[in-house]
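Content type compact mmCIF, C-alpha atoms and all ligand atoms, from the file final_7.txt:
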```txt
# COMPACT_ATOMS: atom_id res chain seq x y z
CA MET Z 4 39.80 -18.99 6.04
CA THR Z 5 39.42 -21.07 2.87
CA GLY Z 6 36.02 -20.71 1.27
CA LYS Z 7 35.10 -17.45 3.02
CA ARG Z 8 33.88 -14.55 0.93
CA ILE Z 9 34.77 -10.89 1.44
CA LEU Z 10 32.56 -8.16 0.00
CA LEU Z 11 35.16 -5.47 -0.65
CA ILE Z 12 33.87 -1.92 -1.10
CA ILE Z 13 36.52 0.33 -2.62
CA GLY Z 14 36.00 4.01 -1.89
CA GLY Z 15 37.47 6.98 -3.72
CA GLY Z 16 40.83 7.85 -2.25
CA ILE Z 17 44.44 7.74 -3.32
CA ALA Z 18 44.89 4.76 -0.94
CA ALA Z 19 42.88 2.71 -3.45
CA TYR Z 20 46.26 2.01 -5.10
CA LYS Z 21 46.95 -0.41 -2.22
CA ILE Z 22 43.78 -2.41 -2.87
CA PRO Z 23 45.23 -4.73 -5.53
CA GLN Z 24 47.77 -5.86 -2.91
CA LEU Z 25 44.96 -6.38 -0.37
CA ILE Z 26 43.02 -8.48 -2.89
CA ARG Z 27 46.13 -10.60 -3.49
CA LEU Z 28 46.53 -11.21 0.24
CA ILE Z 29 42.87 -12.14 0.70
CA ARG Z 30 42.95 -14.56 -2.19
CA ALA Z 31 46.25 -16.07 -1.05
CA GLU Z 32 44.36 -17.26 2.04
CA GLY Z 33 41.86 -19.12 -0.12
CA MET Z 34 39.10 -16.54 0.25
CA ALA Z 35 36.94 -15.10 -2.51
CA VAL Z 36 36.46 -11.38 -3.13
CA THR Z 37 33.34 -9.68 -4.46
CA PRO Z 38 34.60 -6.21 -5.44
CA ILE Z 39 32.37 -3.12 -5.40
CA LEU Z 40 33.68 0.17 -6.74
CA THR Z 41 32.10 3.45 -5.75
CA ARG Z 42 31.91 6.07 -8.48
CA ALA Z 43 34.86 7.93 -6.89
CA GLY Z 44 36.68 4.63 -6.31
CA GLY Z 45 36.58 4.06 -10.05
CA GLU Z 46 38.55 7.29 -10.51
CA PHE Z 47 41.50 5.99 -8.47
CA THR Z 48 41.69 2.41 -9.67
CA THR Z 49 40.07 0.67 -12.59
CA ALA Z 50 37.29 -1.89 -12.67
CA MET Z 51 39.51 -3.88 -15.05
CA THR Z 52 42.47 -4.14 -12.63
CA ILE Z 53 40.23 -5.00 -9.71
CA SER Z 54 38.21 -7.57 -11.68
CA VAL Z 55 41.31 -9.35 -12.97
CA LEU Z 56 42.86 -9.61 -9.51
CA ALA Z 57 39.63 -10.58 -7.79
CA GLY Z 58 38.78 -13.10 -10.49
CA GLU Z 59 35.26 -11.63 -10.49
CA ALA Z 60 33.76 -8.66 -12.26
CA ALA Z 61 33.76 -5.52 -10.13
CA HIS Z 62 30.25 -4.19 -9.51
CA GLU Z 63 29.86 -0.47 -9.96
CA GLY Z 64 26.37 0.96 -10.26
CA LEU Z 65 23.18 0.26 -8.39
CA PHE Z 66 21.22 -0.19 -11.59
CA ASP Z 67 23.71 -1.90 -13.83
CA ILE Z 68 24.22 -5.18 -12.04
CA SER Z 69 23.59 -7.58 -14.87
CA THR Z 70 22.67 -10.25 -12.39
CA GLU Z 71 20.15 -8.05 -10.57
CA ALA Z 72 17.32 -10.24 -11.70
CA GLU Z 73 18.91 -13.38 -10.26
CA ILE Z 74 20.60 -12.24 -7.06
CA GLY Z 75 20.01 -8.55 -6.49
CA HIS Z 76 22.15 -6.23 -4.49
CA ILE Z 77 20.82 -7.39 -1.15
CA GLN Z 78 21.89 -10.93 -1.91
CA LEU Z 79 25.32 -9.62 -2.84
CA SER Z 80 25.86 -8.39 0.70
CA ARG Z 81 24.27 -11.43 2.32
CA ASN Z 82 26.44 -13.90 0.45
CA ALA Z 83 29.56 -12.46 2.06
CA ASP Z 84 31.07 -13.56 5.37
CA LEU Z 85 32.46 -10.11 6.04
CA VAL Z 86 32.10 -6.66 4.46
CA VAL Z 87 35.33 -4.66 4.19
CA VAL Z 88 35.36 -0.98 3.22
CA ALA Z 89 38.82 0.15 2.07
CA PRO Z 90 39.60 2.92 1.64
CA ALA Z 91 36.71 4.14 3.79
CA THR Z 92 36.46 7.81 2.84
CA ALA Z 93 34.94 10.54 5.02
CA ASP Z 94 32.00 10.55 2.62
CA LEU Z 95 31.40 6.79 2.86
CA MET Z 96 31.67 6.90 6.65
CA ALA Z 97 29.16 9.76 6.77
CA LYS Z 98 26.76 7.80 4.58
CA MET Z 99 27.14 4.72 6.75
CA ALA Z 100 26.59 6.70 9.94
CA GLN Z 101 23.43 8.29 8.54
CA GLY Z 102 22.09 5.19 6.82
CA LEU Z 103 22.05 6.75 3.35
CA ALA Z 104 21.60 4.40 0.41
CA ASP Z 105 22.00 6.35 -2.80
CA ASP Z 106 24.49 4.16 -4.64
CA LEU Z 107 25.46 0.50 -4.76
CA ALA Z 108 28.10 0.65 -1.98
CA SER Z 109 25.91 2.50 0.54
CA THR Z 110 22.90 0.36 -0.34
CA LEU Z 111 24.87 -2.82 0.30
CA LEU Z 112 26.16 -1.42 3.59
CA LEU Z 113 22.62 -0.70 4.72
CA ALA Z 114 21.28 -4.04 3.54
CA THR Z 115 23.97 -6.29 5.00
CA ASP Z 116 23.49 -8.51 8.02
CA LYS Z 117 27.23 -9.25 8.25
CA ARG Z 118 30.00 -7.63 10.25
CA VAL Z 119 31.59 -4.61 8.62
CA LEU Z 120 35.26 -3.66 8.88
CA ILE Z 121 36.34 -0.22 7.70
CA ALA Z 122 39.86 1.03 6.89
CA PRO Z 123 39.52 4.81 6.93
CA ALA Z 124 41.71 6.97 4.70
CA MET Z 125 41.46 10.72 4.33
CA ASN Z 126 43.22 14.01 4.78
CA VAL Z 127 44.26 14.66 8.37
CA ARG Z 128 41.96 17.70 8.72
CA MET Z 129 39.02 15.73 7.39
CA TRP Z 130 39.81 13.02 9.94
CA HIS Z 131 39.95 15.50 12.83
CA HIS Z 132 36.82 17.36 11.71
CA PRO Z 133 34.10 17.13 14.36
CA ALA Z 134 31.67 15.77 11.77
CA THR Z 135 33.97 12.82 10.96
CA GLN Z 136 34.66 12.18 14.65
CA ARG Z 137 30.89 12.30 15.33
CA ASN Z 138 30.27 9.79 12.54
CA LEU Z 139 33.07 7.61 13.85
CA ALA Z 140 31.47 7.49 17.29
CA LEU Z 141 28.13 6.50 15.71
CA LEU Z 142 29.81 3.77 13.67
CA ARG Z 143 31.60 2.43 16.74
CA ASP Z 144 28.28 2.34 18.61
CA ASP Z 145 26.82 0.39 15.70
CA GLY Z 146 29.54 -2.23 16.20
CA ILE Z 147 31.46 -1.38 13.02
CA LEU Z 148 35.03 -2.70 13.25
CA MET Z 149 37.87 -0.40 12.33
CA ILE Z 150 41.52 -0.75 11.38
CA GLY Z 151 43.73 2.33 11.23
CA PRO Z 152 44.06 5.01 10.11
CA ASP Z 153 47.82 5.21 10.43
CA GLU Z 154 49.79 8.32 11.08
CA GLY Z 155 52.37 9.61 8.63
CA ASP Z 156 53.10 11.70 5.56
CA MET Z 157 50.06 12.07 3.38
CA ALA Z 158 49.70 12.29 -0.37
CA CYS Z 159 48.35 15.83 0.10
CA GLY Z 160 51.63 16.92 1.72
CA GLU Z 161 50.32 17.03 5.30
CA PHE Z 162 51.26 14.83 8.24
CA GLY Z 163 49.10 13.08 10.80
CA PRO Z 164 46.45 10.38 11.17
CA GLY Z 165 44.54 9.60 8.01
CA ARG Z 166 46.68 7.15 6.03
CA MET Z 167 44.93 3.88 5.29
CA ALA Z 168 46.32 0.93 7.28
CA GLU Z 169 48.74 -1.23 5.29
CA PRO Z 170 47.20 -4.22 3.43
CA GLU Z 171 48.94 -6.68 5.81
CA ALA Z 172 47.33 -4.97 8.82
CA ILE Z 173 43.91 -4.97 7.11
CA MET Z 174 44.42 -8.67 6.37
CA ALA Z 175 45.18 -9.36 10.05
CA ALA Z 176 42.00 -7.49 11.02
CA ILE Z 177 40.00 -9.53 8.47
CA ARG Z 178 41.34 -12.77 9.96
CA GLU Z 179 40.38 -11.67 13.43
CA ALA Z 180 36.94 -10.43 12.37
CA LEU Z 181 36.24 -13.81 10.78
CA ASN Z 182 37.50 -15.76 13.74
CA VAL Z 183 34.36 -16.93 15.45
CA SER Z 184 35.97 -17.12 18.85
CA LEU Z 185 36.23 -13.33 18.95
CA ARG Z 186 32.45 -13.13 18.88
CA PRO Z 187 30.62 -13.69 22.13
CA ALA Z 188 29.28 -17.20 22.37
CA PRO Z 189 25.80 -16.40 23.70
CA GLU Z 190 25.25 -19.90 25.04
CA THR Z 191 28.33 -19.75 27.28
CA ARG Z 192 28.49 -16.05 28.02
CA ALA Z 193 25.82 -15.97 30.68
CA SER Z 194 27.15 -18.91 32.61
CA GLY Z 195 30.37 -20.87 32.83
CA PRO Z 196 33.05 -21.74 35.34
CA LEU Z 197 34.10 -18.09 35.51
CA THR Z 198 30.62 -16.59 35.90
CA GLY Z 199 30.66 -13.88 38.55
CA ARG Z 200 34.46 -13.55 38.32
CA HIS Z 201 36.21 -10.39 37.17
CA VAL Z 202 39.43 -10.69 35.17
CA ILE Z 203 41.68 -7.88 33.93
CA VAL Z 204 43.57 -8.53 30.69
CA THR Z 205 46.23 -6.15 29.35
CA SER Z 206 47.04 -6.38 25.67
CA GLY Z 207 48.81 -4.83 22.69
CA PRO Z 208 51.78 -2.52 22.55
CA THR Z 209 52.10 0.84 24.26
CA HIS Z 210 53.07 3.99 22.41
CA GLU Z 211 55.48 6.33 24.16
CA PRO Z 212 55.34 9.82 22.63
CA ILE Z 213 58.43 11.68 21.48
CA ASP Z 214 56.44 14.68 20.24
CA PRO Z 215 52.84 15.09 19.03
CA VAL Z 216 53.51 13.15 15.83
CA ARG Z 217 56.18 10.58 16.78
CA TYR Z 218 56.32 7.76 19.26
CA ILE Z 219 58.25 4.67 20.32
CA ALA Z 220 56.33 1.42 19.78
CA ASN Z 221 56.87 -2.31 19.34
CA ARG Z 222 55.60 -5.03 17.01
CA SER Z 223 52.93 -6.53 19.27
CA SER Z 224 49.68 -7.02 17.32
CA GLY Z 225 47.53 -7.67 20.40
CA ALA Z 226 46.38 -11.00 18.94
CA GLN Z 227 47.20 -13.15 21.97
CA GLY Z 228 45.68 -10.70 24.47
CA ALA Z 229 42.46 -10.34 22.45
CA ALA Z 230 42.14 -14.12 22.18
CA ILE Z 231 42.64 -14.54 25.94
CA ALA Z 232 40.01 -11.91 26.73
CA ALA Z 233 37.58 -13.66 24.35
CA ALA Z 234 38.29 -17.10 25.87
CA LEU Z 235 37.76 -15.82 29.43
CA ARG Z 236 34.54 -14.14 28.33
CA ASP Z 237 33.35 -17.42 26.83
CA LEU Z 238 33.84 -19.08 30.23
CA GLY Z 239 31.49 -16.49 31.74
CA ALA Z 240 34.02 -14.00 33.18
CA ARG Z 241 33.47 -10.25 33.25
CA VAL Z 242 36.57 -9.04 31.44
CA SER Z 243 38.19 -5.60 31.65
CA PHE Z 244 40.32 -5.45 28.51
CA VAL Z 245 42.99 -2.75 28.85
CA THR Z 246 44.56 -2.39 25.43
CA GLY Z 247 47.24 -0.27 23.84
CA PRO Z 248 46.96 0.68 20.15
CA ALA Z 249 46.74 -2.87 18.76
CA VAL Z 250 46.31 -4.03 15.17
CA VAL Z 251 43.84 -6.75 16.07
CA PRO Z 252 40.35 -5.53 17.01
CA ALA Z 253 39.15 -5.90 20.59
CA PRO Z 254 36.72 -8.76 21.13
CA GLU Z 255 33.04 -8.05 21.62
CA GLY Z 256 31.37 -8.64 24.93
CA VAL Z 257 34.23 -7.33 27.10
CA GLU Z 258 34.76 -3.90 28.62
CA VAL Z 259 37.37 -2.22 26.43
CA ILE Z 260 39.61 0.42 28.01
CA ARG Z 261 41.86 1.99 25.39
CA VAL Z 262 45.18 3.50 26.43
CA GLU Z 263 48.32 4.66 24.67
CA THR Z 264 51.18 4.80 27.15
CA ALA Z 265 52.47 2.49 29.88
CA MET Z 266 51.56 5.09 32.52
CA GLN Z 267 47.97 5.20 31.23
CA MET Z 268 47.87 1.39 31.18
CA ARG Z 269 48.96 1.25 34.82
CA ASP Z 270 46.27 3.79 35.79
CA ALA Z 271 43.62 1.89 33.83
CA VAL Z 272 44.55 -1.39 35.54
CA GLU Z 273 44.37 0.33 38.92
CA ALA Z 274 40.93 1.75 38.10
CA ALA Z 275 39.71 -1.71 37.02
CA LEU Z 276 40.66 -3.40 40.31
CA PRO Z 277 39.55 -5.37 42.25
CA ALA Z 278 39.64 -8.55 40.18
CA GLU Z 279 40.00 -12.26 40.90
CA ALA Z 280 42.63 -12.67 38.19
CA ALA Z 281 44.89 -10.49 36.05
CA VAL Z 282 46.51 -11.62 32.82
CA MET Z 283 49.23 -9.23 31.63
CA ALA Z 284 49.64 -9.99 27.95
CA ALA Z 285 50.59 -6.44 26.92
CA ALA Z 286 53.99 -5.71 25.41
CA VAL Z 287 54.54 -2.69 27.63
CA ALA Z 288 57.32 -0.37 26.53
CA ASP Z 289 60.11 -0.59 29.08
CA TRP Z 290 61.04 3.07 28.68
CA ARG Z 291 59.33 6.38 28.02
CA VAL Z 292 60.77 9.65 26.75
CA VAL Z 293 60.90 12.12 29.65
CA ASN Z 294 61.87 15.11 27.52
CA SER Z 295 59.05 14.54 25.02
CA SER Z 296 57.99 17.73 23.33
CA GLN Z 297 54.52 19.32 23.22
CA ARG Z 298 55.40 20.67 19.77
CA LYS Z 299 56.76 18.83 16.75
CA MET Z 300 60.55 18.61 17.02
CA LYS Z 301 62.24 20.36 14.11
CA LYS Z 302 65.66 19.84 12.61
CA ASP Z 303 67.84 22.75 13.73
CA GLY Z 304 70.21 22.72 10.78
CA THR Z 305 73.24 21.52 12.73
CA GLY Z 306 72.83 17.88 11.66
CA GLN Z 307 72.67 16.88 15.31
CA PRO Z 308 69.80 14.51 16.19
CA PRO Z 309 67.81 15.39 19.32
CA ALA Z 310 68.97 13.70 22.54
CA LEU Z 311 66.07 11.66 23.87
CA GLU Z 312 66.13 11.22 27.60
CA MET Z 313 64.52 7.97 28.70
CA ALA Z 314 63.12 6.80 32.01
CA GLU Z 315 61.99 3.30 32.98
CA ASN Z 316 58.23 2.76 32.92
CA PRO Z 317 56.46 1.29 35.93
CA ASP Z 318 56.35 -2.51 35.74
CA ILE Z 319 52.60 -3.10 35.83
CA LEU Z 320 52.90 -6.85 36.35
CA ALA Z 321 55.31 -6.49 39.27
CA TRP Z 322 53.17 -3.74 40.77
CA VAL Z 323 49.93 -5.79 40.61
CA SER Z 324 51.74 -8.84 41.98
CA GLY Z 325 53.03 -6.82 44.92
CA LEU Z 326 49.70 -5.25 45.91
CA LYS Z 327 48.70 -5.88 49.50
CA ALA Z 328 44.95 -5.40 49.82
CA GLN Z 329 43.85 -5.62 46.20
CA ARG Z 330 46.14 -8.32 44.81
CA PRO Z 331 44.14 -10.59 42.48
CA LEU Z 332 44.07 -14.25 43.58
CA LEU Z 333 45.90 -15.19 40.41
CA VAL Z 334 48.36 -12.99 38.53
CA VAL Z 335 49.61 -14.28 35.17
CA GLY Z 336 52.47 -12.65 33.28
CA PHE Z 337 54.06 -13.29 29.91
CA ALA Z 338 57.72 -13.58 29.13
CA ALA Z 339 58.80 -12.82 25.60
CA GLU Z 340 62.33 -14.16 25.22
CA THR Z 341 64.67 -14.79 22.35
CA HIS Z 342 67.02 -17.26 24.11
CA ASP Z 343 67.30 -19.40 27.28
CA VAL Z 344 63.51 -19.17 27.52
CA ILE Z 345 62.92 -21.30 30.62
CA ALA Z 346 65.83 -19.84 32.62
CA HIS Z 347 64.87 -16.24 31.86
CA ALA Z 348 61.15 -16.84 32.41
CA THR Z 349 61.74 -18.60 35.72
CA ALA Z 350 63.84 -15.68 36.90
CA LYS Z 351 61.17 -13.27 35.65
CA ARG Z 352 58.43 -15.07 37.59
CA GLN Z 353 60.39 -14.76 40.79
CA ARG Z 354 61.50 -11.18 40.16
CA LYS Z 355 58.03 -9.92 39.34
CA GLY Z 356 56.24 -11.95 42.01
CA CYS Z 357 53.47 -13.25 39.73
CA ASP Z 358 51.93 -16.72 40.10
CA TRP Z 359 52.29 -17.99 36.55
CA ILE Z 360 54.36 -16.99 33.55
CA VAL Z 361 53.41 -17.88 30.01
CA ALA Z 362 56.79 -17.96 28.32
CA ASN Z 363 57.42 -17.90 24.61
CA ASP Z 364 60.28 -17.65 22.18
CA VAL Z 365 59.82 -14.53 20.07
CA SER Z 366 62.95 -14.87 17.91
CA PRO Z 367 62.09 -13.63 14.40
CA SER Z 368 62.59 -17.18 13.02
CA THR Z 369 59.60 -18.46 15.07
CA GLY Z 370 57.19 -16.02 13.34
CA ILE Z 371 55.27 -15.74 16.62
CA MET Z 372 55.35 -11.97 17.04
CA GLY Z 373 52.60 -10.73 14.73
CA GLY Z 374 51.76 -14.29 13.62
CA ASP Z 375 48.71 -16.50 14.26
CA GLU Z 376 50.43 -19.26 16.22
CA ASN Z 377 52.24 -19.51 19.51
CA ALA Z 378 54.36 -22.12 21.29
CA VAL Z 379 54.36 -21.51 25.02
CA ILE Z 380 55.63 -22.92 28.27
CA LEU Z 381 53.42 -22.43 31.32
CA LEU Z 382 55.59 -21.86 34.38
CA ARG Z 383 54.14 -22.19 37.86
CA ALA Z 384 55.80 -22.50 41.26
CA THR Z 385 55.43 -26.26 40.85
CA GLY Z 386 57.22 -26.51 37.50
CA ALA Z 387 57.14 -25.97 33.75
CA GLU Z 388 54.63 -27.38 31.28
CA GLU Z 389 55.50 -27.19 27.59
CA TRP Z 390 52.55 -26.84 25.22
CA PRO Z 391 52.86 -27.84 21.55
CA ARG Z 392 52.74 -25.13 18.87
CA MET Z 393 49.09 -24.18 18.34
CA SER Z 394 46.97 -21.22 17.30
CA LYS Z 395 46.87 -18.20 19.61
CA HIS Z 396 43.16 -18.91 20.07
CA GLU Z 397 43.89 -22.45 21.23
CA VAL Z 398 46.56 -21.16 23.64
CA ALA Z 399 43.96 -18.69 24.94
CA ARG Z 400 41.31 -21.38 25.46
CA ARG Z 401 43.74 -23.65 27.31
CA LEU Z 402 44.96 -20.82 29.49
CA ALA Z 403 41.38 -19.75 30.28
CA ASP Z 404 40.58 -23.37 31.27
CA GLU Z 405 43.65 -23.44 33.56
CA ILE Z 406 42.59 -20.13 35.13
CA ALA Z 407 39.05 -21.44 35.70
CA LYS Z 408 40.47 -24.58 37.35
CA GLU Z 409 42.76 -22.52 39.59
CA LEU Z 410 39.99 -20.15 40.73
CA GLY Z 411 37.82 -23.16 41.40
N1 LIG H 501 55.21 -5.92 31.90
C1 LIG H 501 54.46 -4.96 32.57
N2 LIG H 501 54.94 -3.69 32.67
C2 LIG H 501 56.15 -3.35 32.14
C3 LIG H 501 56.90 -4.32 31.45
C4 LIG H 501 56.41 -5.60 31.33
O1 LIG H 501 53.37 -5.28 33.07
N3 LIG H 501 56.58 -2.11 32.26
C5 LIG H 501 54.69 -7.29 31.85
C6 LIG H 501 54.28 -7.76 30.49
O2 LIG H 501 52.90 -7.50 30.26
C7 LIG H 501 54.54 -9.27 30.60
C8 LIG H 501 55.73 -9.34 31.53
O3 LIG H 501 55.73 -8.12 32.24
O4 LIG H 501 53.46 -9.94 31.20
C9 LIG H 501 57.06 -9.59 30.91
O5 LIG H 501 57.30 -8.74 29.84
P1 LIG H 501 58.67 -8.83 29.04
O6 LIG H 501 58.69 -7.76 28.01
O7 LIG H 501 58.93 -10.24 28.63
O8 LIG H 501 59.71 -8.56 30.20
P2 LIG H 501 60.44 -7.29 30.70
O9 LIG H 501 59.84 -6.82 31.97
O10 LIG H 501 60.57 -6.30 29.61
O11 LIG H 501 61.87 -7.91 31.08
P3 LIG H 501 63.24 -8.02 30.23
O12 LIG H 501 63.59 -6.60 29.91
O13 LIG H 501 64.14 -8.70 31.19
O14 LIG H 501 62.92 -8.87 29.05
```

Translate this file's structure into structure tokens.
Amino acid sequence: MTGKRILLIIGGGIAAYKIPQLIRLIRAEGMAVTPILTRAGGEFTTAMTISVLAGEAAHEGLFDISTEAEIGHIQLSRNADLVVVAPATADLMAKMAQGLADDLASTLLLATDKRVLIAPAMNVRMWHHPATQRNLALLRDDGILMIGPDEGDMACGEFGPGRMAEPEAIMAAIREALNVSLRPAPETRASGPLTGRHVIVTSGPTHEPIDPVRYIANRSSGAQGAAIAAALRDLGARVSFVTGPAVVPAPEGVEVIRVETAMQMRDAVEAALPAEAAVMAAAVADWRVVNSSQRKMKKDGTGQPPALEMAENPDILAWVSGLKAQRPLLVVGFAAETHDVIAHATAKRQRKGCDWIVANDVSPSTGIMGGDENAVILLRATGAEEWPRMSKHEVARRLADEIAKELG
């Protein structure tokens, strides 16, 4: 990431207090930040703080850029590798959706030829308002990338979606947005060893609801699944990407099917069949809450926590592997283990009936879960092959090559 430049547009929301931390994270990766403050943004954080941390003066007004004569505002947006809007307020999103350009931030957003990543932050009612949802749909259609918003207690005292994603999550989304392999490679997309083949990839965590505002989740970022989908796409495959609520954005050029729960993921995989290959990279929750509530669970004053009743989720990998008529030619599973990796993964391959297992050690000390690298062992019926530690993108490319070889 060293040498890349982020144009960071800071909107007017209380979440702007997290922006200094985001700037620190971006700069720690060797990237430069060009900060832009909207008028409202300047009310929540100061140009001085932002400028000091960014190591560059924050730009504020459309007409007061001292360097206008030399570079101009259009150049400002063209010099960046990625435009990040955080916090992206309802107002900024509306301006972007409509193509308004009445201040420096909106003008830059209209003038840029770079990818744009937004981190929305607003009151929960503003988020749910049909106007915001309409604008969101327009922005998605325009190819704008999005991270968050998260769900939780809000500064205004309400609860729900609308909190800006944490700086670490925004940083992960920036890394992914800058990673060229997530963009379709036009020269390879039309033809490659997998042209004409359909592959289903599952990815990310699943969320199992407890009540309308709470759920059970896991730490999967969806990075490995997204990279695999992108690598298969680059070999020419038509990819159905079935993803839970992941941190890492879905790659372009694949069919994205978004789900929340394991049950929805199973249904989405079924709807996507038939396929020549299936790669199950999702970290599917093993259990769901059967007595989940339609209404927010309240404390009843007795001090007794609610008793959650759990049931095992369908094993999607085992189910696909056991299909009679529609079984893909090649079914690949993952095995996330913390000890005795080969023994457990070998047993898992046999138990689930898949052809290959990509096994990895996810002990916290490896930093693999949520990290950029992976060290895997590819297990087939014929034996185990240990790959050296490499980036998740490199693992994805090698796996896609192996899949192409196998399908012939
Ligand atoms: N998997 C799945 N559906 C489930 C659970 C897991 O499709 N309900 C898939 C995952 O996508 C992965 C593989 O099964 O490809 C193994 O996942 P893992 O979490 O390692 O294994 P578990 O089935 O949870 O087994 P264990 O509890 O023994 O670790």

Two-atom distance - CA of Pro331 in chain Z, CA of Ala314 in chain Z (Å): 27.8 Å

Could you pull out the residues sitting within 6 Å of ligand LIG 501 (chain H), using all atoms listed in the file, and write them as a PyMOL selection string? chain Z and resi 283-287+289+316-320+336-339

Using Å and a single decimal, report how far CA of Arg261 in chain Z sits from CA of Gly199 in chain Z.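 Taking CA of Gly199 in chain Z as the start and CA of Arg261 in chain Z as the end point, the length is 23.5 Å.
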
Skipping near chain neighbours, those fewer than 6 positions away, what residues fall within 6 Å of Lys395 in chain Z using all atoms listed in the file, listed as a PyMOL selection string? chain Z and resi 227+375-377

Which one of Z:Thr349, Z:Gln101, Z:Thr41, Z:Asn82 sits closest to Ala384 in chain Z if you count only C-alpha atoms?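 Nearest to Ala384 in chain Z: Z:Thr349.
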
If we count only C-alpha atoms, what is near range 17-24 of chain Z at a cut-off of 10 Å, once residues fewer than 5 positions away on the same chain are taken out, given as an mmCIF file with C-alpha atoms, in the coordinates of the input?
```cif
data_model
loop_
_atom_site.group_PDB
_atom_site.id
_atom_site.type_symbol
_atom_site.label_atom_id
_atom_site.label_comp_id
_atom_site.auth_asym_id
_atom_site.auth_seq_id
_atom_site.Cartn_x
_atom_site.Cartn_y
_atom_site.Cartn_z
ATOM 1 C CA LEU Z 11 35.160 -5.470 -0.650
ATOM 2 C CA ILE Z 29 42.870 -12.140 0.700
ATOM 3 C CA ARG Z 30 42.950 -14.560 -2.190
ATOM 4 C CA GLY Z 44 36.680 4.630 -6.310
ATOM 5 C CA GLY Z 45 36.580 4.060 -10.050
ATOM 6 C CA GLU Z 46 38.550 7.290 -10.510
ATOM 7 C CA PHE Z 47 41.500 5.990 -8.470
ATOM 8 C CA THR Z 48 41.690 2.410 -9.670
ATOM 9 C CA THR Z 49 40.070 0.670 -12.590
ATOM 10 C CA THR Z 52 42.470 -4.140 -12.630
ATOM 11 C CA ILE Z 53 40.230 -5.000 -9.710
ATOM 12 C CA SER Z 54 38.210 -7.570 -11.680
ATOM 13 C CA VAL Z 55 41.310 -9.350 -12.970
ATOM 14 C CA LEU Z 56 42.860 -9.610 -9.510
ATOM 15 C CA ALA Z 57 39.630 -10.580 -7.790
ATOM 16 C CA ALA Z 89 38.820 0.150 2.070
ATOM 17 C CA PRO Z 90 39.600 2.920 1.640
ATOM 18 C CA ALA Z 91 36.710 4.140 3.790
ATOM 19 C CA THR Z 92 36.460 7.810 2.840
ATOM 20 C CA PRO Z 123 39.520 4.810 6.930
ATOM 21 C CA ALA Z 124 41.710 6.970 4.700
ATOM 22 C CA MET Z 125 41.460 10.720 4.330
ATOM 23 C CA MET Z 157 50.060 12.070 3.380
ATOM 24 C CA ALA Z 158 49.700 12.290 -0.370
ATOM 25 C CA CYS Z 159 48.350 15.830 0.100
ATOM 26 C CA ARG Z 166 46.680 7.150 6.030
ATOM 27 C CA MET Z 167 44.930 3.880 5.290
ATOM 28 C CA ALA Z 168 46.320 0.930 7.280
ATOM 29 C CA GLU Z 169 48.740 -1.230 5.290
ATOM 30 C CA PRO Z 170 47.200 -4.220 3.430
ATOM 31 C CA GLU Z 171 48.940 -6.680 5.810
#
```
